[in-house]
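Data file: protein01.csv. Format and content: CSV, C-alpha atoms.
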```
chain,number,residue,atom,x,y,z
A,204,MET,CA,-13.1,-10.9,-4.5
A,205,PHE,CA,-10.8,-12.6,-7.0
A,206,VAL,CA,-9.0,-12.0,-10.3
A,207,LYS,CA,-10.1,-14.4,-13.0
A,208,GLU,CA,-7.7,-13.4,-15.8
A,209,ILE,CA,-4.8,-11.1,-16.6
A,210,LYS,CA,-4.2,-10.1,-20.2
A,211,LEU,CA,-0.9,-8.4,-21.0
A,212,ASN,CA,0.2,-6.6,-24.1
A,213,ASN,CA,3.8,-5.3,-24.4
A,214,PHE,CA,3.9,-4.9,-20.7
A,215,ARG,CA,7.4,-5.2,-19.2
A,216,ASN,CA,9.0,-8.3,-20.6
A,217,TYR,CA,5.6,-9.8,-21.9
A,218,ASP,CA,4.5,-9.6,-25.5
A,219,GLN,CA,1.0,-11.0,-25.5
A,220,GLU,CA,0.0,-13.3,-22.7
A,221,THR,CA,-3.2,-14.4,-20.9
A,222,ILE,CA,-3.0,-15.9,-17.4
A,223,LYS,CA,-6.0,-17.7,-15.9
A,224,LEU,CA,-6.2,-17.6,-12.1
A,225,LEU,CA,-8.2,-19.5,-9.5
A,226,PRO,CA,-9.9,-18.1,-6.4
A,227,ASN,CA,-7.5,-19.9,-4.0
A,228,ILE,CA,-3.6,-19.9,-4.0
A,229,ASN,CA,-2.0,-19.2,-7.4
A,230,LEU,CA,1.7,-20.1,-7.2
A,231,ILE,CA,3.8,-18.2,-9.8
A,232,VAL,CA,7.0,-20.1,-10.3
A,233,GLY,CA,10.2,-19.3,-12.2
A,234,LYS,CA,13.8,-18.3,-12.0
A,235,ASN,CA,14.7,-14.7,-11.2
A,236,GLY,CA,14.2,-12.1,-13.9
A,237,GLN,CA,11.5,-14.1,-15.8
A,238,GLY,CA,8.6,-11.8,-15.1
A,239,LYS,CA,6.9,-13.3,-12.1
A,240,THR,CA,6.7,-10.0,-10.2
A,241,ASN,CA,5.4,-8.2,-13.3
A,242,LEU,CA,2.1,-10.1,-12.9
A,243,LEU,CA,1.7,-8.8,-9.4
A,244,GLU,CA,2.6,-5.3,-10.5
A,245,ALA,CA,-0.2,-5.3,-13.1
A,246,VAL,CA,-2.8,-6.4,-10.5
A,247,TYR,CA,-1.5,-3.8,-8.0
A,248,TYR,CA,-1.6,-1.0,-10.6
A,249,SER,CA,-5.2,-1.9,-11.4
A,250,ALA,CA,-6.2,-1.4,-7.8
A,251,ILE,CA,-4.1,1.6,-6.7
A,252,GLY,CA,-3.5,3.4,-10.0
A,253,LYS,CA,0.3,3.4,-9.7
A,254,SER,CA,3.1,0.9,-9.9
A,255,SER,CA,4.5,-1.0,-6.9
A,256,LYS,CA,8.0,-0.7,-8.4
A,257,THR,CA,8.4,2.6,-10.3
A,258,SER,CA,7.0,6.1,-10.6
A,259,ARG,CA,7.7,6.2,-14.3
A,260,ASP,CA,4.9,4.7,-16.4
A,261,ALA,CA,7.3,4.6,-19.5
A,262,GLU,CA,9.2,1.8,-17.7
A,263,LEU,CA,6.2,-0.4,-17.9
A,264,ILE,CA,6.2,-0.4,-21.7
A,265,ASN,CA,8.3,-3.1,-23.4
A,266,TRP,CA,11.5,-1.4,-24.4
A,267,SER,CA,10.9,-2.1,-28.2
A,268,LYS,CA,7.3,-0.9,-28.2
A,269,ASP,CA,5.5,2.5,-28.1
A,270,ARG,CA,2.3,1.2,-26.4
A,271,ALA,CA,1.4,-1.3,-23.7
A,272,SER,CA,-1.7,-2.4,-21.8
A,273,PHE,CA,-3.0,-4.9,-19.4
A,274,CYS,CA,-6.6,-5.9,-18.6
A,275,ILE,CA,-7.7,-7.4,-15.3
A,276,ASP,CA,-11.0,-9.4,-15.2
A,277,PHE,CA,-12.2,-9.9,-11.6
A,278,GLU,CA,-15.2,-10.9,-9.7
A,279,LYS,CA,-16.7,-9.4,-6.5
A,280,LYS,CA,-20.0,-9.6,-4.7
A,281,SER,CA,-21.4,-6.8,-6.8
A,282,GLY,CA,-20.6,-8.6,-10.0
A,283,THR,CA,-17.8,-9.0,-12.6
A,284,LYS,CA,-15.7,-6.0,-13.6
A,285,LYS,CA,-12.9,-5.4,-16.1
A,286,ILE,CA,-10.1,-2.8,-15.5
A,287,GLU,CA,-7.9,-1.9,-18.5
A,288,ILE,CA,-5.0,0.4,-18.4
A,289,ILE,CA,-3.3,1.6,-21.6
A,290,PHE,CA,0.1,3.3,-21.7
A,291,SER,CA,1.8,5.2,-24.5
A,292,ARG,CA,5.1,6.9,-24.9
A,293,GLN,CA,3.4,9.9,-26.6
A,294,THR,CA,0.2,10.4,-24.7
A,295,LYS,CA,-1.2,10.1,-21.2
A,296,LYS,CA,-2.3,6.7,-19.9
A,297,VAL,CA,-5.9,5.7,-20.2
A,298,ILE,CA,-7.8,3.9,-17.4
A,299,GLN,CA,-11.1,2.2,-18.1
A,300,ILE,CA,-13.6,0.3,-16.1
A,301,ASN,CA,-15.9,-1.9,-18.2
A,302,GLY,CA,-14.9,0.1,-21.2
A,303,VAL,CA,-15.6,3.6,-19.7
A,304,ASN,CA,-12.7,6.0,-19.3
A,305,LEU,CA,-12.0,7.3,-15.8
A,306,LEU,CA,-11.3,11.0,-15.4
A,307,LYS,CA,-9.7,10.8,-11.9
A,308,ILE,CA,-7.4,8.2,-10.2
A,309,GLY,CA,-9.7,8.4,-7.2
A,310,ASP,CA,-12.5,6.8,-9.2
A,311,LEU,CA,-10.3,3.7,-9.6
A,312,LEU,CA,-9.8,3.1,-5.9
A,313,GLY,CA,-12.1,0.6,-4.2
A,314,ASN,CA,-13.0,-1.3,-7.3
A,315,LEU,CA,-10.4,-4.0,-6.9
A,316,ASN,CA,-8.8,-4.2,-3.4
A,317,VAL,CA,-5.3,-5.7,-2.9
A,318,VAL,CA,-2.8,-6.2,-0.2
A,319,TYR,CA,0.8,-6.4,-1.4
A,320,PHE,CA,3.9,-7.8,0.3
A,321,SER,CA,7.4,-8.1,-1.0
A,322,PRO,CA,11.0,-8.3,0.4
A,323,ASP,CA,11.1,-4.5,0.0
A,324,GLU,CA,8.2,-4.3,2.6
A,325,LEU,CA,10.8,-4.7,5.3
A,326,LYS,CA,11.2,-0.9,5.0
A,327,LEU,CA,7.7,-0.7,6.5
A,328,VAL,CA,9.4,-1.5,9.8
A,329,LYS,CA,13.0,-0.5,9.6
A,330,ASP,CA,13.1,2.6,7.3
A,331,ALA,CA,11.7,6.1,7.5
A,332,PRO,CA,8.3,7.0,9.0
A,333,GLN,CA,7.2,7.9,5.4
A,334,ASP,CA,6.9,4.2,4.6
A,335,ARG,CA,4.6,3.6,7.5
A,336,ARG,CA,2.5,6.6,6.6
A,337,ASN,CA,2.2,5.3,3.0
A,338,PHE,CA,1.1,2.0,4.4
A,339,LEU,CA,-1.8,3.7,6.3
A,340,ASP,CA,-2.6,6.0,3.4
A,341,THR,CA,-2.7,3.3,0.7
A,342,ASP,CA,-5.1,1.1,2.8
A,343,ILE,CA,-7.4,3.8,4.0
A,344,SER,CA,-7.6,5.3,0.5
A,345,GLN,CA,-8.8,1.9,-0.9
A,346,LEU,CA,-11.6,1.9,1.8
A,347,SER,CA,-12.5,5.6,1.6
A,348,LYS,CA,-12.3,7.9,-1.5
A,349,ASN,CA,-13.0,10.8,0.8
A,350,TYR,CA,-9.8,10.1,2.7
A,351,PHE,CA,-7.9,10.0,-0.6
A,352,TYR,CA,-9.3,13.4,-1.7
A,353,ASN,CA,-8.5,14.8,1.8
A,354,LEU,CA,-4.9,13.5,1.5
A,355,THR,CA,-4.6,15.1,-2.0
A,356,LYS,CA,-6.0,18.4,-0.7
A,357,TYR,CA,-3.7,18.3,2.4
A,358,ASN,CA,-0.6,17.8,0.3
A,359,LYS,CA,-1.5,20.8,-1.9
A,360,ILE,CA,-2.0,23.0,1.1
A,361,LEU,CA,1.2,21.8,2.6
A,362,ASP,CA,3.1,22.5,-0.6
A,363,GLN,CA,1.7,26.1,-0.7
A,364,ARG,CA,2.7,26.7,2.9
A,365,ASN,CA,6.2,25.3,2.4
A,366,LYS,CA,6.6,27.5,-0.7
A,367,LEU,CA,5.6,30.5,1.3
A,368,LEU,CA,8.1,29.6,4.0
A,369,LYS,CA,10.9,29.3,1.5
A,370,THR,CA,10.2,32.3,-0.7
A,371,ALA,CA,8.9,35.0,1.6
A,372,GLN,CA,11.6,37.6,2.6
A,373,ASN,CA,9.6,39.5,5.2
A,374,VAL,CA,9.0,37.8,8.5
A,375,GLU,CA,6.3,40.2,9.4
A,376,ILE,CA,4.3,39.2,6.3
A,377,LEU,CA,4.9,35.6,7.1
A,378,GLU,CA,3.5,36.1,10.6
A,379,GLN,CA,0.4,37.6,9.1
A,380,THR,CA,-0.1,35.0,6.3
A,381,LEU,CA,0.8,31.7,8.0
A,382,PRO,CA,-2.2,31.6,10.3
A,383,ILE,CA,-4.5,31.5,7.2
A,384,TRP,CA,-2.7,28.4,5.9
A,385,ASP,CA,-2.5,26.9,9.4
A,386,ILE,CA,-6.3,26.9,9.7
A,387,GLN,CA,-6.7,25.1,6.3
A,388,LEU,CA,-3.9,22.6,7.1
A,389,ALA,CA,-5.3,21.8,10.6
A,390,ASP,CA,-8.8,21.4,9.2
A,391,VAL,CA,-7.9,18.8,6.6
A,392,GLY,CA,-5.0,17.3,8.5
A,393,SER,CA,-7.2,16.6,11.5
A,394,LYS,CA,-9.6,14.5,9.4
A,395,ILE,CA,-6.6,12.5,8.1
A,396,VAL,CA,-5.2,11.9,11.5
A,397,PHE,CA,-8.6,10.9,12.9
A,398,GLU,CA,-9.1,8.3,10.2
A,399,ARG,CA,-5.5,6.9,10.6
A,400,ILE,CA,-6.0,6.5,14.4
A,401,LYS,CA,-9.4,4.8,13.9
A,402,PHE,CA,-7.9,2.4,11.3
A,403,LEU,CA,-4.8,1.7,13.4
A,404,ASN,CA,-6.9,1.0,16.5
A,405,ILE,CA,-8.6,-1.8,14.6
A,406,LEU,CA,-5.4,-3.0,12.9
A,407,LYS,CA,-3.3,-3.3,16.1
A,408,GLU,CA,-5.7,-5.7,17.7
A,409,ILE,CA,-5.7,-8.0,14.6
A,410,ALA,CA,-1.9,-7.7,14.1
A,411,LYS,CA,-1.3,-8.7,17.7
A,412,LYS,CA,-3.2,-12.0,17.1
A,413,VAL,CA,-1.7,-12.6,13.7
A,414,HIS,CA,1.8,-12.0,15.0
A,415,ALA,CA,1.3,-14.4,17.9
A,416,TYR,CA,0.1,-17.0,15.4
A,417,LEU,CA,3.1,-16.6,13.1
A,418,THR,CA,5.6,-16.7,16.0
A,419,SER,CA,3.9,-19.6,17.8
A,420,ASN,CA,3.0,-17.2,20.7
A,421,LYS,CA,6.7,-16.4,21.3
A,422,GLU,CA,6.4,-12.7,20.5
A,423,ASP,CA,4.0,-10.0,21.5
A,424,LEU,CA,3.4,-7.1,19.1
A,425,GLU,CA,2.2,-3.7,20.3
A,426,MET,CA,1.3,-0.8,17.9
A,427,SER,CA,0.4,2.8,18.5
A,428,TYR,CA,0.1,6.1,16.6
A,429,ALA,CA,3.0,8.4,17.1
A,430,GLY,CA,1.8,12.0,16.4
A,431,ILE,CA,-0.9,14.4,17.5
A,432,ILE,CA,-3.9,12.5,18.7
A,433,GLY,CA,-7.3,13.2,20.1
A,434,GLU,CA,-10.8,11.8,20.7
A,435,ASN,CA,-12.3,13.4,17.6
A,436,ALA,CA,-11.3,15.5,14.6
A,437,GLU,CA,-12.1,18.8,16.2
A,438,GLU,CA,-9.8,18.0,19.2
A,439,ILE,CA,-7.0,17.0,16.8
A,440,LYS,CA,-7.6,20.2,14.8
A,441,ASN,CA,-7.2,22.4,17.8
A,442,GLN,CA,-4.1,20.5,18.9
A,443,ILE,CA,-2.5,20.9,15.4
A,444,LEU,CA,-3.2,24.6,15.5
A,445,ILE,CA,-1.5,24.9,18.9
A,446,GLU,CA,1.5,23.0,17.7
A,447,LEU,CA,1.8,24.9,14.4
A,448,LYS,CA,1.9,28.2,16.4
A,449,LYS,CA,4.5,26.8,18.8
A,450,CYS,CA,6.6,25.7,15.8
A,451,ARG,CA,6.2,28.8,13.7
A,452,GLU,CA,9.6,30.3,14.4
A,453,LYS,CA,11.3,26.9,13.7
A,454,ASP,CA,9.3,26.6,10.4
A,455,ILE,CA,10.4,30.1,9.3
A,456,LYS,CA,14.0,29.3,10.1
A,457,LEU,CA,14.1,25.9,8.4
A,458,GLY,CA,11.8,26.8,5.5
A,459,PHE,CA,9.3,23.9,5.8
A,460,THR,CA,6.4,22.7,8.0
A,461,ASN,CA,7.5,20.6,10.9
A,462,ILE,CA,4.1,19.7,12.4
A,463,GLY,CA,1.2,17.7,10.9
A,464,PRO,CA,0.2,14.2,9.7
A,465,HIS,CA,3.0,14.3,7.1
A,466,ARG,CA,5.4,13.9,10.0
A,467,ASP,CA,3.6,11.2,12.0
A,468,ASP,CA,4.6,7.6,12.5
A,469,ILE,CA,3.6,4.2,13.8
A,470,LYS,CA,5.4,2.9,16.9
A,471,LEU,CA,6.1,-0.9,16.8
A,472,VAL,CA,7.1,-2.7,19.9
A,473,VAL,CA,7.8,-6.5,20.2
A,474,ASN,CA,8.3,-8.0,23.7
A,475,GLY,CA,8.9,-4.5,25.0
A,476,VAL,CA,11.6,-3.5,22.4
A,477,ASP,CA,11.1,-0.9,19.7
A,478,ILE,CA,11.4,-3.1,16.7
A,479,ARG,CA,12.0,-0.2,14.3
A,480,SER,CA,15.5,0.3,15.6
A,481,PHE,CA,16.5,-2.7,17.6
A,482,GLY,CA,14.8,-5.8,16.1
A,483,SER,CA,16.6,-8.5,14.1
A,484,GLN,CA,15.8,-8.7,10.4
A,485,GLY,CA,13.8,-11.8,11.0
A,486,GLN,CA,11.7,-10.1,13.6
A,487,GLN,CA,11.2,-7.0,11.5
A,488,ARG,CA,10.1,-9.1,8.5
A,489,THR,CA,7.6,-11.0,10.6
A,490,VAL,CA,6.1,-7.7,12.0
A,491,ALA,CA,5.8,-6.4,8.5
A,492,LEU,CA,4.1,-9.5,7.3
A,493,SER,CA,1.7,-9.5,10.4
A,494,MET,CA,0.7,-5.9,9.5
A,495,LYS,CA,0.0,-6.8,5.9
A,496,LEU,CA,-2.0,-9.9,6.8
A,497,SER,CA,-4.0,-7.9,9.3
A,498,GLU,CA,-5.1,-5.6,6.4
A,499,LEU,CA,-6.9,-8.6,5.0
A,500,GLU,CA,-9.2,-8.8,8.0
A,501,ILE,CA,-10.0,-5.1,8.0
A,502,PHE,CA,-11.0,-5.2,4.3
A,503,LYS,CA,-13.1,-8.3,5.0
A,504,GLU,CA,-14.9,-6.4,7.8
A,505,GLU,CA,-15.3,-3.1,6.0
A,506,VAL,CA,-16.1,-4.4,2.4
A,507,GLY,CA,-17.6,-7.8,3.2
A,508,GLU,CA,-15.0,-9.8,1.2
A,509,TYR,CA,-11.3,-10.4,1.3
A,510,PRO,CA,-9.0,-8.4,-1.0
A,511,VAL,CA,-6.6,-10.1,-3.4
A,512,LEU,CA,-3.3,-10.9,-1.6
A,513,LEU,CA,-0.1,-10.4,-3.5
A,514,LEU,CA,3.0,-12.1,-2.0
A,515,ASP,CA,6.3,-11.5,-3.8
A,516,ASP,CA,9.1,-13.9,-2.9
A,517,VAL,CA,8.1,-14.2,0.7
A,518,LEU,CA,8.8,-17.9,1.3
A,519,SER,CA,12.6,-17.7,1.0
A,520,GLU,CA,12.7,-15.3,4.0
A,521,LEU,CA,10.8,-17.5,6.3
A,522,ASP,CA,11.7,-20.8,8.1
A,523,GLN,CA,9.6,-23.9,7.3
A,524,GLU,CA,7.3,-23.5,10.3
A,525,ARG,CA,6.4,-19.9,9.4
A,526,GLN,CA,6.0,-20.9,5.8
A,527,GLN,CA,3.5,-23.5,6.7
A,528,ARG,CA,1.6,-21.2,9.0
A,529,LEU,CA,1.5,-18.5,6.3
A,530,ILE,CA,0.2,-20.9,3.6
A,531,LYS,CA,-2.5,-22.2,6.0
A,532,TYR,CA,-3.5,-18.6,6.9
A,533,VAL,CA,-3.9,-17.3,3.3
A,534,GLY,CA,-5.8,-20.4,2.0
A,535,ARG,CA,-9.1,-18.5,2.7
A,536,MET,CA,-8.6,-15.9,0.0
A,537,GLN,CA,-7.2,-15.5,-3.4
A,538,THR,CA,-3.4,-15.3,-3.2
A,539,LEU,CA,-0.8,-14.7,-5.9
A,540,LEU,CA,2.5,-15.9,-4.6
A,541,THR,CA,5.8,-15.8,-6.5
A,542,THR,CA,8.7,-18.1,-5.8
A,543,THR,CA,11.7,-19.6,-7.5
A,544,GLN,CA,11.2,-23.0,-5.9
A,545,TYR,CA,8.5,-24.7,-3.8
A,546,ASP,CA,7.5,-27.9,-1.9
A,547,PRO,CA,4.7,-29.6,-3.9
A,548,PHE,CA,3.4,-31.2,-0.7
A,549,MET,CA,2.9,-27.8,0.9
A,550,PHE,CA,1.0,-26.5,-2.2
A,551,GLN,CA,-1.4,-29.4,-2.9
A,552,GLY,CA,-4.4,-28.0,-4.6
A,553,ALA,CA,-2.8,-24.7,-5.6
A,554,ASN,CA,-2.8,-23.4,-9.2
A,555,ILE,CA,0.8,-23.6,-10.4
A,556,ILE,CA,1.8,-21.1,-13.1
A,557,LYS,CA,5.3,-21.5,-14.5
A,558,ILE,CA,6.8,-18.4,-16.1
A,559,GLU,CA,9.8,-18.4,-18.4
A,560,ASN,CA,11.0,-15.2,-20.1
A,561,GLY,CA,7.6,-13.5,-20.1
A,562,LYS,CA,5.7,-16.6,-21.2
A,563,VAL,CA,3.5,-19.1,-19.4
A,564,LYS,CA,5.0,-22.6,-19.7
A,565,ASN,CA,2.9,-25.8,-19.4
```
Rendering of file as structure tokens:
Amino acid sequence: MFVKEIKLNNFRNYDQETIKLLPNINLIVGKNGQGKTNLLEAVYYSAIGKSSKTSRDAELINWSKDRASFCIDFEKKSGTKKIEIIFSRQTKKVIQINGVNLLKIGDLLGNLNVVYFSPDELKLVKDAPQDRRNFLDTDISQLSKNYFYNLTKYNKILDQRNKLLKTAQNVEILEQTLPIWDIQLADVGSKIVFERIKFLNILKEIAKKVHAYLTSNKEDLEMSYAGIIGENAEEIKNQILIELKKCREKDIKLGFTNIGPHRDDIKLVVNGVDIRSFGSQGQQRTVALSMKLSELEIFKEEVGEYPVLLLDDVLSELDQERQQRLIKYVGRMQTLLTTTQYDPFMFQGANIIKIENGKVKN
């Protein structure tokens, strides 16, 4: 799977630009603030249906324009496809695949698969559990539309349950009504947890090997799911119901749901130390990168081809040995890598794209 061409129209700081890409390493070079990351953002949006940088689509439109668009031509085993997304300040965005409008974001997922890593991905290790849950949810949703729809359904049920907890004045009514919501929450939540555990069980074995490779076998990475677990979805469902009942008094007191997949986490341990709290920034960055690179192998196994790898300003945070190991590792798949400077010897054979103020420079 690889992107052949990116066409931008009034997107961010680009007016009209076409960027040709090759199936191997594409090095996007330029000073800070020139628009390098915006190229990665367009590819990411085409795969996930949202920006990697903002929740406001209006920010994607060139400040002096009313409309913007980008078009991604890509090739996969099943053939060539084109994803076009059109933004307007007056109307809703339009998403098209091969010229046909999509009615749901879920229909976009799985067409173009990507793995994205930027300096902000350090939060995957050091920040709140929400970031690690998002990591799992984004990946599994690309592989399974059913998971995406279950996640959407779960969030709606959770929102309704929380609204009930916040607004109901009578505890007796709450005691009678909550079990109805609990059954729905546990039913959908158990399917989400089961898929997460299944995904993580594969990921952790790959990440262990990738991390050992990046650290020259100096560090050992262990990962585990932190939350309600079980051998199957039914077992997890029953356990969630038990925990919801135990936590009911606390939920009523606090006004929100304290148990479920929306509270789960991934435990990350390097050489016996919980890296989330006690690792150095260098260790945390390498763990995050190991997790991201491991996604590539899962996609290859599940889909039959590697996704497109998006690496934003990663080299500056790694020492030379880890840079070399990384470049060697990603040479097997299409990689879009942004940087302010580079060693030509390290990138022999790469497609060099120089960006200056939203334009490709020869």
Quick one: which range 293-393 of chain A residues come within 7 Å of range 479-496 of chain A, and what is the nearest atom pair for each with the distance in Å to one decimal, counting all atoms listed in the file, rows ordered by chain and ascending number, as CSV?
```
residue,atom,partner,partner_atom,distance
A:Val318,CA,A:Lys495,CA,6.7
A:Phe320,CA,A:Lys495,CA,6.9
A:Glu324,CA,A:Ala491,CA,6.7
A:Leu325,CA,A:Arg488,CA,5.5
A:Leu327,CA,A:Ala491,CA,6.3
A:Val328,CA,A:Arg479,CA,5.4
A:Lys329,CA,A:Arg479,CA,4.8
```
- Nearest candidate to Ile405 in chain A (options A:Gln237, A:Thr418, A:Ser258, A:Ser497; using only C-alpha atoms):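 Closest to Ile405 in chain A of all the choices is A:Ser497.
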Which residues of range 414-513 of chain A come within 10 Å of range 358-366 of chain A, and what is each one's closest atom pair and distance in Å (one decimal), counting only C-alpha atoms, sorted by chain and residue number, as a Markdown table?
```
| residue | atom | partner | partner_atom | distance |
| --- | --- | --- | --- | --- |
| A:Asp454 | CA | A:Asn365 | CA | 8.7 |
| A:Ile455 | CA | A:Asn365 | CA | 9.4 |
| A:Leu457 | CA | A:Asn365 | CA | 9.9 |
| A:Gly458 | CA | A:Asn365 | CA | 6.6 |
| A:Phe459 | CA | A:Asn365 | CA | 4.8 |
| A:Thr460 | CA | A:Asn365 | CA | 6.2 |
| A:Asn461 | CA | A:Asn365 | CA | 9.8 |
| A:Gly463 | CA | A:Leu361 | CA | 9.3 |
| A:His465 | CA | A:Asn358 | CA | 8.5 |
```
- Message: When you count all atoms listed in the file, which of these residues is closest to Ile209 in chain A: A:Ile443, A:Leu499, A:Leu242, A:Ala271?
- Response: A:Leu242
- CA of Leu311 in chain A to CA of Glu500 in chain A, straight-line distance in Å: 21.6 Å
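Nearest residue to Lys440 in chain A, choosing from A:Ile409, A:Leu388, A:Leu354, A:Val317 and counting only C-alpha atoms: A:Leu388.
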- Please work out which residues fall within 12 Å of (5.8, -18.1, -17.2), coordinates as given in the file, with only C-alpha atoms counting, and return them as a count of residues only. 35
- Task: Could you please determine the separation between CA of Leu540 in chain A and CA of Asp323 in chain A in Å, to one decimal place?
- Result: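 Taking CA of Leu540 in chain A and CA of Asp323 in chain A, their separation equals 15.0 Å.
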- Item | Top pick for closest residue to Thr341 in chain A, considering A:Phe402, A:Trp384, A:Phe550, A:Phe290 and counting all atoms listed in the file |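 Between A:Phe402, A:Trp384, A:Phe550, A:Phe290, the residue approaching Thr341 in chain A most closely is A:Phe402.
For the choices A:Ile469, A:Leu521, A:Val476, A:Leu211, the atom-to-atom distance to Val246 in chain A is smallest for A:Leu211 when using only C-alpha atoms.
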Tell me, as a short mmCIF file (atom, residue, chain, number, x, y, z; two decimals) with C-alpha atoms, keeping the file's coordinate frame, which residues lie within 12 Å of Asp340 in chain A, counting all atoms listed in the file; anything in the same chain fewer than 4 positions away does not count.
```cif
data_model
loop_
_atom_site.label_atom_id
_atom_site.label_comp_id
_atom_site.auth_asym_id
_atom_site.auth_seq_id
_atom_site.Cartn_x
_atom_site.Cartn_y
_atom_site.Cartn_z
CA ILE A 251 -4.10 1.60 -6.70
CA GLN A 333 7.20 7.90 5.40
CA ASP A 334 6.90 4.20 4.60
CA ARG A 335 4.60 3.60 7.50
CA ARG A 336 2.50 6.60 6.60
CA SER A 344 -7.60 5.30 0.50
CA GLN A 345 -8.80 1.90 -0.90
CA LEU A 346 -11.60 1.90 1.80
CA SER A 347 -12.50 5.60 1.60
CA LYS A 348 -12.30 7.90 -1.50
CA ASN A 349 -13.00 10.80 0.80
CA TYR A 350 -9.80 10.10 2.70
CA PHE A 351 -7.90 10.00 -0.60
CA TYR A 352 -9.30 13.40 -1.70
CA ASN A 353 -8.50 14.80 1.80
CA LEU A 354 -4.90 13.50 1.50
CA THR A 355 -4.60 15.10 -2.00
CA ILE A 395 -6.60 12.50 8.10
CA VAL A 396 -5.20 11.90 11.50
CA GLU A 398 -9.10 8.30 10.20
CA ARG A 399 -5.50 6.90 10.60
CA ILE A 400 -6.00 6.50 14.40
CA PHE A 402 -7.90 2.40 11.30
CA LEU A 403 -4.80 1.70 13.40
CA PRO A 464 0.20 14.20 9.70
CA HIS A 465 3.00 14.30 7.10
CA ASP A 467 3.60 11.20 12.00
CA ASP A 468 4.60 7.60 12.50
#
```
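Within 10 Å of the point (5.6, -1.0, -26.4), and counting all atoms listed in the file, the protein, DNA and RNA residues are Asn212, Asn213, Phe214, Arg215, Asn216, Tyr217, Asp218, Ala261, Glu262, Leu263, Ile264, Asn265, Trp266, Ser267, Lys268, Asp269, Arg270, Ala271, Ser272, Phe290, Ser291 and Arg292 of chain A.
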- Would you mind listing what lies within 9 Å of Gln299 in chain A as a PyMOL selection string, with all atoms listed in the file counted and same-chain residues fewer than 3 positions away left out? chain A and resi 285-289+302-305+311
- Task: For CA of Ser321 in chain A and CA of Asn554 in chain A, quote the distance in Å rounded to one decimal.
- Result: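 Computed distance, CA of Ser321 in chain A to CA of Asn554 in chain A, equals 20.1 Å.
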- Task: Can you work out which one of A:Thr294, A:Asn316, A:Ser393, A:Gln537 has the shortest atom-to-atom distance to Glu505 in chain A, counting all atoms listed in the file?
- Result: A:Asn316
- Selection near Ile308 in chain A, 9 Å with all atoms listed in the file, sequence-local residues under 4 positions removed, as a ChimeraX atom specification: /A:251-252,298,312
Please save C-alpha atoms of the selected residues as a PDB file, in the frame of the given file.
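Writing done, so here's selection-v6.pdb:
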```
ATOM      1  CA  ILE A 251      -4.100   1.600  -6.700  1.00  0.00           C
ATOM      2  CA  GLY A 252      -3.500   3.400 -10.000  1.00  0.00           C
ATOM      3  CA  ILE A 298      -7.800   3.900 -17.400  1.00  0.00           C
ATOM      4  CA  LEU A 312      -9.800   3.100  -5.900  1.00  0.00           C
TER       5      LEU A 312
END
```
